[in-house]
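Data block for run.cif (mmCIF, C-alpha atoms):
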```
data_target
#
loop_
_atom_site.label_atom_id
_atom_site.label_comp_id
_atom_site.auth_asym_id
_atom_site.auth_seq_id
_atom_site.Cartn_x
_atom_site.Cartn_y
_atom_site.Cartn_z
CA MET N 1 73.98 89.99 145.02
CA GLY N 2 70.43 90.98 145.92
CA LYS N 3 67.53 91.74 143.62
CA SER N 4 68.25 95.45 143.71
CA GLY N 5 71.84 94.81 142.63
CA ILE N 6 70.66 92.75 139.68
CA ARG N 7 68.24 95.51 138.69
CA VAL N 8 71.01 98.10 138.82
CA LEU N 9 73.25 95.91 136.69
CA PHE N 10 70.42 95.40 134.20
CA VAL N 11 69.80 99.13 133.96
CA ILE N 12 73.53 99.78 133.48
CA LEU N 13 73.67 97.07 130.81
CA VAL N 14 70.72 98.55 128.92
CA PHE N 15 72.29 102.00 129.23
CA VAL N 16 75.66 100.86 127.92
CA VAL N 17 74.14 98.84 125.06
CA GLY N 18 71.96 101.80 124.12
CA LEU N 19 74.87 104.18 124.16
CA SER N 20 77.14 101.94 122.13
CA GLY N 21 75.32 103.10 119.03
CA CYS N 22 72.77 101.36 116.84
CA SER N 23 73.75 100.20 113.38
CA GLN N 24 71.41 101.31 110.63
CA GLU N 25 70.90 99.21 107.52
CA GLY N 26 68.63 99.29 104.53
CA LYS N 27 68.12 97.17 101.45
CA LEU N 28 68.57 98.18 97.83
CA VAL N 29 67.04 96.36 94.88
CA VAL N 30 68.22 97.38 91.41
CA LYS N 31 65.82 95.95 88.87
CA ASN N 32 66.68 95.84 85.19
CA ASP N 33 63.42 96.49 83.36
CA GLY N 34 65.31 97.12 80.14
CA ALA N 35 65.88 94.92 77.13
CA SER N 36 69.65 94.58 77.50
CA GLU N 37 72.22 93.73 80.13
CA PHE N 38 73.15 96.51 82.55
CA GLN N 39 76.80 96.96 83.44
CA GLY N 40 77.96 99.41 86.05
CA THR N 41 78.54 100.01 89.72
CA VAL N 42 76.18 100.08 92.67
CA GLU N 43 77.77 101.76 95.68
CA ASN N 44 81.20 101.22 94.10
CA THR N 45 80.58 97.50 93.54
CA GLN N 46 80.79 96.21 89.97
CA VAL N 47 77.54 94.58 88.87
CA ARG N 48 76.01 93.02 85.75
CA ILE N 49 72.25 92.66 85.69
CA ASP N 50 70.50 90.66 82.98
CA PRO N 51 67.23 91.95 81.53
CA GLY N 52 64.28 91.14 83.77
CA THR N 53 66.43 90.29 86.79
CA SER N 54 67.42 92.15 89.94
CA TYR N 55 70.47 92.82 92.05
CA THR N 56 69.78 92.99 95.78
CA THR N 57 72.20 94.18 98.41
CA SER N 58 72.23 95.37 102.01
CA ILE N 59 73.42 98.91 102.48
CA TYR N 60 75.13 99.81 105.72
CA ILE N 61 74.03 103.34 106.59
CA GLY N 62 75.92 104.10 109.77
CA LYS N 63 75.57 104.48 113.52
CA THR N 64 72.98 106.42 115.46
CA LEU N 65 72.31 107.19 119.07
CA ALA N 66 68.64 107.78 119.84
CA PHE N 67 67.57 110.47 117.38
CA ILE N 68 71.10 111.63 116.59
CA GLY N 69 72.79 110.23 113.54
CA PRO N 70 71.99 109.33 109.96
CA SER N 71 68.55 108.04 109.00
CA GLY N 72 69.48 107.47 105.37
CA LEU N 73 72.29 107.23 102.91
CA THR N 74 72.45 108.29 99.29
CA VAL N 75 73.85 105.49 97.14
CA PRO N 76 75.29 106.12 93.66
CA ILE N 77 74.28 103.95 90.71
CA VAL N 78 76.43 104.37 87.61
CA GLY N 79 76.46 102.44 84.37
CA SER N 80 74.90 101.79 81.01
CA ALA N 81 73.29 99.17 78.81
CA ALA N 82 72.93 98.78 75.09
CA THR N 83 69.43 100.24 75.28
CA LYS N 84 70.19 102.69 78.11
CA ARG N 85 72.51 105.63 77.77
CA ALA N 86 75.35 105.91 80.26
CA PHE N 87 73.97 107.49 83.41
CA SER N 88 74.91 108.42 86.94
CA ASP N 89 72.10 108.53 89.46
CA GLU N 90 71.50 108.34 93.21
CA ILE N 91 68.92 106.69 95.42
CA LEU N 92 68.20 107.33 99.09
CA ILE N 93 68.36 104.26 101.32
CA THR N 94 66.53 104.59 104.63
CA SER N 95 66.95 102.41 107.66
CA ASP N 96 65.08 99.10 107.76
CA GLU N 97 63.39 99.77 104.43
CA THR N 98 63.80 98.46 100.91
CA ALA N 99 64.43 100.93 98.11
CA THR N 100 63.96 99.84 94.52
CA TYR N 101 65.73 101.42 91.57
CA ARG N 102 64.42 100.53 88.12
CA ILE N 103 66.62 100.66 85.04
CA ILE N 104 64.43 101.64 82.10
CA ASP N 105 65.45 101.81 78.46
CA ASP N 106 65.76 105.24 76.91
CA VAL N 107 67.23 104.43 73.47
CA GLY N 108 67.29 101.77 70.81
CA ALA N 109 70.49 99.84 70.15
CA CYS N 110 72.02 98.65 66.92
CA ASN N 111 74.78 96.07 67.03
CA PHE N 112 76.71 97.22 63.95
CA THR N 113 79.04 94.44 62.71
CA ASN N 114 81.63 94.99 60.02
CA ARG N 115 81.33 91.98 57.70
CA TYR N 116 83.49 93.55 54.98
CA TYR N 117 87.22 93.05 54.54
CA LEU N 118 88.01 96.78 54.93
CA GLN N 119 87.79 98.61 58.19
CA ILE N 120 85.03 101.13 58.91
CA ASN N 121 86.51 104.56 59.59
CA SER N 122 83.42 106.44 60.64
CA ILE N 123 79.66 106.13 60.98
CA ASN N 124 77.36 109.14 60.81
CA ALA N 125 73.60 109.14 61.23
CA LYS N 126 70.66 111.42 60.53
CA MET N 127 66.92 111.32 60.92
CA CYS N 128 65.26 110.18 57.71
CA ASP N 129 63.63 113.57 57.15
CA SER N 130 66.89 115.47 57.71
CA THR N 131 69.41 116.37 55.04
CA VAL N 132 72.55 116.64 57.17
CA PHE N 133 74.41 113.79 58.83
CA GLY N 134 75.51 114.23 62.41
CA PRO N 135 78.91 113.67 64.03
CA ASN N 136 80.92 110.47 63.83
CA LEU N 137 79.28 107.91 66.15
CA ILE N 138 82.37 105.77 66.68
CA GLY N 139 84.72 108.58 67.62
CA GLN N 140 88.05 109.63 66.21
CA SER N 141 90.63 106.89 65.62
CA ARG N 142 88.24 104.13 66.72
CA ALA N 143 87.81 102.25 63.49
CA ILE N 144 85.71 99.09 63.38
CA ALA N 145 88.01 96.37 62.17
CA PRO N 146 86.72 93.61 59.87
CA GLY N 147 84.77 91.04 61.87
CA THR N 148 84.23 93.27 64.89
CA ALA N 149 81.15 95.14 66.06
CA LYS N 150 80.14 98.35 67.74
CA VAL N 151 76.90 99.10 69.60
CA LEU N 152 75.27 102.30 68.37
CA GLN N 153 72.51 103.98 70.34
CA PHE N 154 69.67 105.89 68.69
CA ASP N 155 66.74 107.93 69.85
CA PRO N 156 63.39 106.65 68.60
CA GLY N 157 62.57 107.51 65.00
CA CYS N 158 63.56 106.70 61.43
CA TRP N 159 67.32 106.81 60.82
CA ASP N 160 69.76 106.79 57.89
CA ILE N 161 73.36 105.69 58.42
CA LEU N 162 76.38 106.79 56.40
CA VAL N 163 79.37 104.46 56.49
CA ASN N 164 82.89 105.46 55.46
CA TYR N 165 85.11 102.42 54.98
CA GLY N 166 88.53 101.72 53.53
CA ARG N 167 89.66 104.89 51.81
CA GLU N 168 88.18 108.32 52.46
CA GLU N 169 86.04 108.32 49.32
CA LEU N 170 84.36 104.97 49.94
CA LEU N 171 80.89 105.66 51.31
CA ASP N 172 77.80 103.57 51.79
CA THR N 173 74.39 104.28 53.28
CA VAL N 174 71.88 102.17 55.10
CA THR N 175 68.56 103.95 54.97
CA ALA N 176 65.16 103.93 56.61
CA ILE N 177 65.92 102.13 59.83
CA PRO N 178 62.93 102.42 62.18
CA ILE N 179 64.06 102.44 65.78
CA GLU N 180 62.02 102.39 68.98
CA ILE N 181 63.12 102.61 72.59
CA GLY N 182 64.25 99.20 73.75
CA ASP N 183 64.98 97.86 70.26
CA ASP N 184 68.14 95.77 70.15
CA PHE N 185 68.94 94.56 66.65
CA ASP N 186 71.89 93.57 64.44
CA ILE N 187 73.19 95.09 61.22
CA PRO N 188 75.72 92.73 59.60
CA TRP N 189 77.04 95.42 57.31
CA VAL N 190 78.68 95.00 53.91
CA PRO N 191 78.62 97.65 51.16
CA GLY N 192 75.13 97.74 49.64
CA TYR N 193 73.46 96.30 52.71
CA VAL N 194 69.72 96.98 52.80
CA TYR N 195 67.99 97.01 56.13
CA THR N 196 64.72 95.12 56.31
CA VAL N 197 62.46 95.27 59.28
CA PRO N 198 62.41 91.81 60.84
CA THR N 199 59.04 90.20 60.61
CA PRO N 200 57.62 89.02 63.92
CA PRO N 201 57.02 85.29 64.26
CA PRO N 202 53.48 84.26 63.31
CA ALA N 203 51.06 84.10 66.20
CA ARG N 204 49.87 80.62 67.08
CA MET J 205 65.76 112.26 171.60
CA LEU J 206 65.45 110.09 168.50
CA GLN J 207 63.23 112.72 166.90
CA THR J 208 65.86 115.41 167.61
CA ILE J 209 68.59 113.31 166.00
CA ARG J 210 66.43 112.75 162.90
CA VAL J 211 65.67 116.48 162.52
CA THR J 212 69.31 117.39 163.04
CA SER J 213 70.40 114.80 160.46
CA ALA J 214 67.87 116.11 157.97
CA ILE J 215 69.06 119.70 158.46
CA LEU J 216 72.70 118.64 158.02
CA ALA J 217 71.81 116.70 154.90
CA CYS J 218 69.99 119.70 153.46
CA CYS J 219 72.94 121.92 154.27
CA ALA J 220 75.24 119.50 152.50
CA VAL J 221 73.02 119.30 149.44
CA PHE J 222 72.29 122.98 149.04
CA SER J 223 75.47 124.50 150.38
CA GLY J 224 76.93 124.70 146.84
CA THR J 225 80.30 123.50 147.99
CA ALA J 226 81.37 121.04 150.55
CA HIS J 227 84.75 120.15 151.85
CA ALA J 228 86.99 118.09 149.54
CA GLN J 229 85.51 119.58 146.43
CA PRO J 230 87.11 122.20 144.19
CA VAL J 231 86.43 125.77 145.24
CA GLN J 232 87.05 129.20 143.77
CA LYS J 233 90.57 129.89 142.47
CA GLN J 234 91.56 126.25 142.55
CA TYR J 235 92.60 124.29 139.48
CA VAL J 236 91.11 120.95 138.47
CA ALA J 237 92.79 118.54 136.05
CA ASP J 238 90.95 115.55 134.56
CA PHE J 239 92.65 112.57 132.93
CA GLY J 240 90.08 110.52 131.09
CA ALA J 241 89.68 107.31 129.13
CA ALA J 242 86.60 106.92 126.99
CA PHE J 243 84.67 104.80 124.60
CA THR J 244 84.09 107.05 121.61
CA GLN J 245 81.60 106.43 118.83
CA ALA J 246 80.82 108.42 115.70
CA THR J 247 77.12 108.71 114.84
CA VAL J 248 77.35 109.40 111.13
CA THR J 249 77.07 107.60 107.81
CA LYS J 250 79.41 104.65 107.31
CA ALA J 251 80.70 104.88 110.88
CA GLN J 252 81.97 101.58 112.20
CA THR J 253 82.03 100.65 115.87
CA GLY J 254 83.97 103.20 117.85
CA PHE J 255 87.04 102.56 119.90
CA PHE J 256 89.05 104.33 122.52
CA GLY J 257 89.77 107.88 123.49
CA LEU J 258 92.25 109.50 125.83
CA ASP J 259 91.53 113.01 127.03
CA ILE J 260 92.92 115.60 129.34
CA SER J 261 91.36 118.82 130.57
CA THR J 262 92.31 121.51 133.01
CA GLY J 263 90.13 124.24 134.41
CA LYS J 264 90.22 127.06 136.89
CA MET J 265 87.36 127.45 139.31
CA LEU J 266 86.03 130.97 138.68
CA THR J 267 83.44 130.43 141.38
CA ASN J 268 82.72 127.52 143.68
CA ASN J 269 80.54 126.04 140.94
CA LEU J 270 81.97 127.21 137.63
CA SER J 271 85.26 126.32 136.02
CA VAL J 272 86.71 127.35 132.67
CA GLY J 273 89.69 125.73 131.00
CA LEU J 274 91.10 123.80 128.08
CA ALA J 275 90.45 120.26 126.92
CA THR J 276 92.11 118.06 124.34
CA GLY J 277 92.56 114.39 123.55
CA TYR J 278 92.69 111.72 120.91
CA ASP J 279 89.40 110.00 120.14
CA VAL J 280 89.14 107.06 117.74
CA VAL J 281 85.49 107.31 116.75
CA SER J 282 85.33 104.67 114.01
CA PHE J 283 87.43 101.55 113.86
CA GLN J 284 87.42 98.51 111.58
CA LYS J 285 89.95 95.87 110.66
CA VAL J 286 89.72 95.09 106.95
CA GLU J 287 92.08 92.51 105.48
CA GLY J 288 94.67 93.15 108.14
CA ILE J 289 94.45 96.91 107.86
CA TYR J 290 93.07 98.99 110.71
CA GLN J 291 90.79 101.55 109.10
CA ARG J 292 90.08 104.25 111.61
CA LEU J 293 89.01 107.81 112.04
CA ALA J 294 90.55 109.70 114.92
CA ILE J 295 89.68 113.18 116.10
CA VAL J 296 91.78 115.55 118.16
CA PRO J 297 89.56 118.12 119.88
CA ILE J 298 91.11 121.37 121.05
CA LEU J 299 88.42 123.07 123.09
CA VAL J 300 87.72 125.81 125.60
CA LYS J 301 85.54 124.08 128.15
CA ALA J 302 83.24 125.38 130.87
CA LYS J 303 81.92 123.16 133.63
CA TYR J 304 79.18 123.89 136.12
CA TYR J 305 79.25 121.76 139.27
CA LEU J 306 76.21 121.04 141.40
CA THR J 307 76.84 119.52 144.79
CA VAL J 308 74.47 116.71 145.71
CA ALA J 309 76.28 115.29 148.73
CA PRO J 310 79.47 116.10 150.65
CA LEU J 311 81.64 114.07 148.29
CA MET J 312 79.43 113.97 145.24
CA GLN J 313 78.73 116.45 142.49
CA LEU J 314 76.91 116.49 139.21
CA HIS J 315 78.27 118.62 136.44
CA ALA J 316 77.20 119.98 133.08
CA ALA J 317 79.82 120.96 130.53
CA ALA J 318 79.88 122.94 127.33
CA ALA J 319 82.85 123.50 125.05
CA GLY J 320 83.78 125.11 121.78
CA GLY J 321 86.84 125.07 119.59
CA VAL J 322 88.31 123.14 116.71
CA TYR J 323 88.58 119.47 115.83
CA GLN J 324 91.45 118.01 113.88
CA MET J 325 90.37 115.02 111.77
CA VAL J 326 92.94 112.25 111.42
CA PRO J 327 91.53 109.67 108.97
CA HIS J 328 93.09 106.36 107.97
CA LEU J 329 90.25 105.02 105.86
CA GLY J 330 89.60 102.72 102.92
CA ILE J 331 87.27 103.54 100.05
CA ASP J 332 84.33 104.70 102.19
CA PRO J 333 84.50 108.08 103.87
CA VAL J 334 83.01 108.20 107.37
CA GLY J 335 80.39 110.92 107.71
CA GLY J 336 81.70 112.48 104.54
CA VAL J 337 85.18 112.82 106.06
CA TRP J 338 87.88 111.58 103.76
CA ASP J 339 90.90 113.74 104.32
CA SER J 340 92.68 115.37 107.21
CA LYS J 341 91.31 118.78 108.11
CA THR J 342 90.57 121.12 110.97
CA ARG J 343 86.93 122.07 111.52
CA PRO J 344 85.05 124.16 114.10
CA GLY J 345 82.69 122.54 116.55
CA GLY J 346 81.62 122.13 120.13
CA SER J 347 80.39 119.71 122.72
CA ALA J 348 77.93 119.33 125.57
CA GLY J 349 78.07 116.83 128.37
CA VAL J 350 76.83 115.79 131.77
CA GLY J 351 78.65 113.86 134.44
CA PHE J 352 79.00 112.68 137.98
CA ASP J 353 82.00 113.38 140.24
CA TYR J 354 83.00 111.56 143.38
CA TRP J 355 85.71 113.26 145.42
CA LEU J 356 87.88 111.30 147.74
CA LEU J 357 91.13 111.80 149.59
CA GLY J 358 90.57 115.55 149.71
CA THR J 359 92.11 116.51 146.38
CA ARG J 360 91.46 113.45 144.27
CA GLY J 361 88.33 112.30 142.54
CA ILE J 362 86.85 110.07 139.91
CA SER J 363 84.13 110.99 137.50
CA ALA J 364 81.96 109.56 134.80
CA GLU J 365 80.81 111.72 131.93
CA PHE J 366 78.70 111.46 128.81
CA GLU J 367 79.66 113.99 126.16
CA TYR J 368 78.34 114.68 122.69
CA ASN J 369 80.49 116.45 120.14
CA PHE J 370 79.25 118.21 117.02
CA LEU J 371 81.35 119.68 114.30
CA ASP J 372 81.03 121.08 110.85
CA SER J 373 82.75 118.45 108.72
CA GLY J 374 82.52 120.56 105.61
CA GLY J 375 80.42 117.80 104.08
CA GLU J 376 76.70 117.37 103.67
CA ASP J 377 75.83 116.85 107.34
CA ILE J 378 76.94 117.80 110.80
CA PHE J 379 79.51 115.32 112.06
CA SER J 380 78.79 114.01 115.55
CA TYR J 381 80.27 111.58 118.02
CA PHE J 382 79.82 110.76 121.65
CA ALA J 383 82.19 109.79 124.42
CA MET J 384 81.46 107.79 127.56
CA ARG J 385 84.35 108.79 129.74
CA VAL J 386 85.79 107.82 133.09
CA SER J 387 88.24 110.33 134.52
CA TYR J 388 90.66 110.70 137.36
CA SER J 389 90.63 114.23 138.75
CA ILE J 390 93.13 116.22 140.75
CA ILE J 391 92.52 119.49 142.58
CA LYS J 392 95.44 121.90 142.76
CA MET J 393 95.57 125.02 144.88
#
```
Please rewrite the model in this file as structure tokens.
Amino acid sequence: MGKSGIRVLFVILVFVVGLSGCSQEGKLVVKNDGASEFQGTVENTQVRIDPGTSYTTSIYIGKTLAFIGPSGLTVPIVGSAATKRAFSDEILITSDETATYRIIDDVGACNFTNRYYLQINSINAKMCDSTVFGPNLIGQSRAIAPGTAKVLQFDPGCWDILVNYGREELLDTVTAIPIEIGDDFDIPWVPGYVYTVPTPPPAR
Amino acid sequence: MLQTIRVTSAILACCAVFSGTAHAQPVQKQYVADFGAAFTQATVTKAQTGFFGLDISTGKMLTNNLSVGLATGYDVVSFQKVEGIYQRLAIVPILVKAKYYLTVAPLMQLHAAAAGGVYQMVPHLGIDPVGGVWDSKTRPGGSAGVGFDYWLLGTRGISAEFEYNFLDSGGEDIFSYFAMRVSYSIIKM
């Protein structure tokens, strides 16, 4: 085979390789900037991301030929955290680039533990300056059994909590709970529990 | 004498190139049937490497250069083996196809083709749709292509063609795939 034959073969090879379609990939980084663990799915893959850490994955976009074909892919991110309300969002991944999605807190979380021997039937909450309690936060027929806990999410502000436990007429309140976005605190509840704002450790 | 031969050869070559039709090529009122095998590849989101397509088309020469006919086939445009399962997306085009032939030498022609019709999607996929296609459906679309034909043995020929197909998948984007096809052609009176 002469030089010209080799050149023709080379051109044919380049042509065929070019026409076989180019794979497009991008990178996705999901960074948990919140105060609590994120649980959910990233492009239909179950993930758990600790606070301050990231989940990185390659996203296969598809095939292109020259300028025809996809340049990006929208990837769904679904999930929640104690300090982040359940959400469903999307992020566009473009070829050969890294896209970063940041999970940011939008609520405060209270880990409400039932330390009493009777079950908690319902929990209602209201802002401190309001007179009317809102709907049941633990849902119908989802009692909190003795020794178990339920995470409650609150918007920032001062909150009062009304607890119905045991029989219908047994009520208790926990008042003046200051909550900020990103707070993640425990209430080991028993009747008569008084919430006290935790004091920060002394600065050294 | 040598000069005369050269001039005569050049004139004959020009006649062959610009005559529009030469012997052993399809002419008006004849029928041409193409039997093709192709590598087919989808160019959409989540498309895997393409696979194989088999196509057939027939056309009637309305003039010495233009034919109109029907084309169909079975094109596997995305193919992947996952845990022993062959996930694939096949497409069955049913098209009205027009071809314009341009003679470049006594046995050689270039052609350009355009087609329109419907595409039947036949998906066998996992959790990821390919180009937004998840279920079986029939969608409108069309194609454009260029090719090269070499006619031999009077009524037989072989051709190579590059064809791009576009269709409305009903999803967010236009679905597209290409075919690199080699065909065996027969001319019928």
(message) For a test of reading the model, state the distance in Å between atom CA of N:Cys158 and atom CA of N:Ala176, rounded to one decimal.
(response)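 These two atoms are separated by 5.8 Å.
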(message) Need to verify the contact set: stretch 279-292 of chain J, 9 Å, all atoms listed in the file, exclusion of same-chain residues closer than 6 positions in sequence. Can you return it as an MDAnalysis selection string?
(response) chainID J and resid 242:247 250:259 326:330 334 381:383
(message) For this structure, which residues satisfy the selection - the PyMOL selection byres ((chain N and resi 179-189) around 9) - when it is evaluated on the file as given? I want them as a PyMOL selection string.
(response) chain N and resi 34-36+82-84+104-116+149+154-159+174+177-178+190-195
(request) Report the distance between atom CA of J:Lys303 and atom CA of J:Ser380 in Å, rounded to one decimal place. (result) 20.5 Å
(request) Using all atoms listed in the file, find the one residue out of N:Gln24, N:Gln46, N:Thr41, N:Thr64 that sits nearest to chain J. (result) N:Thr64
(message) Can you tell me which residues surround N:Ala145 at a distance of at most 9 Å, considering all atoms listed in the file, apart from same-chain residues fewer than 6 positions away, and format the answer as a list in words?
(response)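 The neighbour list is Asn114, Tyr116, Tyr117, Leu118, Gln119, Ile120 and Asn121 of chain N.
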Just the selected residues (C-alpha atoms), exported as a compact mmCIF listing (two decimals), in the coordinates of the input, please.
```txt
# COMPACT_ATOMS: atom_id res chain seq x y z
CA ASN N 114 81.63 94.99 60.02
CA TYR N 116 83.49 93.55 54.98
CA TYR N 117 87.22 93.05 54.54
CA LEU N 118 88.01 96.78 54.93
CA GLN N 119 87.79 98.61 58.19
CA ILE N 120 85.03 101.13 58.91
CA ASN N 121 86.51 104.56 59.59
```
(request) I would like the residues chosen by the PyMOL selection byres ((chain N) within 8 of (chain J)) on the shown file; could you give them as an MDAnalysis selection string? (result) chainID N and resid 20:21 60:65 68:70 72:73
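Put simply, atom CA of J:Asp238 is 11.2 Å away from atom CA of J:Glu365.
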(request) Using the chain letters and numbers from the file, give me the residues hit by the PyMOL selection byres ((chain J and resi 300) around 10), as JSON, numbers by chain. (result) {"J": [261, 262, 263, 272, 273, 274, 275, 276, 297, 298, 299, 301, 302, 318, 319, 320, 321, 322, 346, 347]}
(request) Give as a ChimeraX atom specification every residue, naming chains and numbers as the document does, that has an atom within 7 Å of (83.6, 109.0, 65.4), counting only C-alpha atoms. (result) /N:122-123,135-140,142
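Selecting by distance to (77.1, 113.5, 138.3) with a limit of 9 Å and using all atoms listed in the file, one obtains Tyr305, Leu306, Thr307, Val308, Met312, Gln313, Leu314, His315, Ala316, Val350, Gly351, Phe352, Asp353, Tyr354, Ser363, Ala364 and Glu365 of chain J.
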Taking all atoms of stretch 365-377 of chain J that the file lists and extending 4 Å past them on each side, where is the centre of the axis-aligned box and how long are its edges? Answer in Å to one decimal, as lines of an AutoDock Vina configuration file.
```
center_x = 79.3
center_y = 116.3
center_z = 117.8
size_x = 14.9
size_y = 17.6
size_z = 36.3
```
(message) Under the rule that all atoms listed in the file are counted, which of N:Val75, N:Ala81, N:Ala86, N:Ile93 is the nearest residue to N:Glu25?
(response) N:Ile93
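Those residues that approach N:Ile103 to within 8 Å, counting all atoms listed in the file, are Val30, Lys31, Asn32, Asp33 and Gly34 of chain N; same-chain residues fewer than 4 positions away are not listed.
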(message) I need the residue nearest J:Met393 from this list: J:Gly358, J:Phe370, J:Ala309, J:Leu293. Use only C-alpha atoms for the distance.
(response)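 Looking only at the distances to J:Met393, the closest residue turns out to be J:Gly358.
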(message) I need the residue nearest N:Gly40 from this list: N:Thr53, N:Ile59, N:Gly79, N:Lys27. Use all atoms listed in the file for the distance.
(response)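 Closest candidate: N:Gly79.
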Completed stretch 129-146 of chain N (N, CA and C atoms) as an mmCIF file, keeping the file's coordinate frame:
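File written: out-v1.cif
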```
data_model
loop_
_atom_site.group_PDB
_atom_site.id
_atom_site.type_symbol
_atom_site.label_atom_id
_atom_site.label_comp_id
_atom_site.auth_asym_id
_atom_site.auth_seq_id
_atom_site.Cartn_x
_atom_site.Cartn_y
_atom_site.Cartn_z
ATOM 1 N N ASP N 129 64.142 112.348 57.764
ATOM 2 C CA ASP N 129 63.630 113.570 57.150
ATOM 3 C C ASP N 129 64.636 114.716 57.208
ATOM 4 N N SER N 130 65.854 114.436 57.660
ATOM 5 C CA SER N 130 66.890 115.470 57.710
ATOM 6 C C SER N 130 67.794 115.338 56.489
ATOM 7 N N THR N 131 68.507 116.407 56.199
ATOM 8 C CA THR N 131 69.410 116.370 55.040
ATOM 9 C C THR N 131 70.878 116.334 55.447
ATOM 10 N N VAL N 132 71.160 116.521 56.720
ATOM 11 C CA VAL N 132 72.550 116.640 57.170
ATOM 12 C C VAL N 132 72.867 115.520 58.163
ATOM 13 N N PHE N 133 73.976 114.827 57.900
ATOM 14 C CA PHE N 133 74.410 113.790 58.830
ATOM 15 C C PHE N 133 75.083 114.418 60.050
ATOM 16 N N GLY N 134 74.936 113.736 61.164
ATOM 17 C CA GLY N 134 75.510 114.230 62.410
ATOM 18 C C GLY N 134 76.958 113.811 62.564
ATOM 19 N N PRO N 135 77.496 113.977 63.782
ATOM 20 C CA PRO N 135 78.910 113.670 64.030
ATOM 21 C C PRO N 135 79.188 112.162 63.943
ATOM 22 N N ASN N 136 80.469 111.866 63.886
ATOM 23 C CA ASN N 136 80.920 110.470 63.830
ATOM 24 C C ASN N 136 80.507 109.731 65.109
ATOM 25 N N LEU N 137 79.800 108.632 64.974
ATOM 26 C CA LEU N 137 79.280 107.910 66.150
ATOM 27 C C LEU N 137 80.315 106.996 66.784
ATOM 28 N N ILE N 138 81.386 106.691 66.081
ATOM 29 C CA ILE N 138 82.370 105.770 66.680
ATOM 30 C C ILE N 138 83.622 106.502 67.147
ATOM 31 N N GLY N 139 83.595 107.818 67.079
ATOM 32 C CA GLY N 139 84.720 108.580 67.620
ATOM 33 C C GLY N 139 85.934 108.564 66.732
ATOM 34 N N GLN N 140 86.813 109.528 66.982
ATOM 35 C CA GLN N 140 88.050 109.630 66.210
ATOM 36 C C GLN N 140 88.961 108.450 66.511
ATOM 37 N N SER N 141 89.638 107.977 65.527
ATOM 38 C CA SER N 141 90.630 106.890 65.620
ATOM 39 C C SER N 141 90.088 105.668 66.374
ATOM 40 N N ARG N 142 88.801 105.350 66.141
ATOM 41 C CA ARG N 142 88.240 104.130 66.720
ATOM 42 C C ARG N 142 87.565 103.337 65.601
ATOM 43 N N ALA N 143 88.349 102.963 64.646
ATOM 44 C CA ALA N 143 87.810 102.250 63.490
ATOM 45 C C ALA N 143 87.253 100.893 63.917
ATOM 46 N N ILE N 144 86.253 100.427 63.131
ATOM 47 C CA ILE N 144 85.710 99.090 63.380
ATOM 48 C C ILE N 144 86.409 98.136 62.423
ATOM 49 N N ALA N 145 87.227 97.293 62.988
ATOM 50 C CA ALA N 145 88.010 96.370 62.170
ATOM 51 C C ALA N 145 87.094 95.312 61.563
ATOM 52 N N PRO N 146 87.529 94.691 60.463
ATOM 53 C CA PRO N 146 86.720 93.610 59.870
ATOM 54 C C PRO N 146 86.422 92.523 60.900
#
```
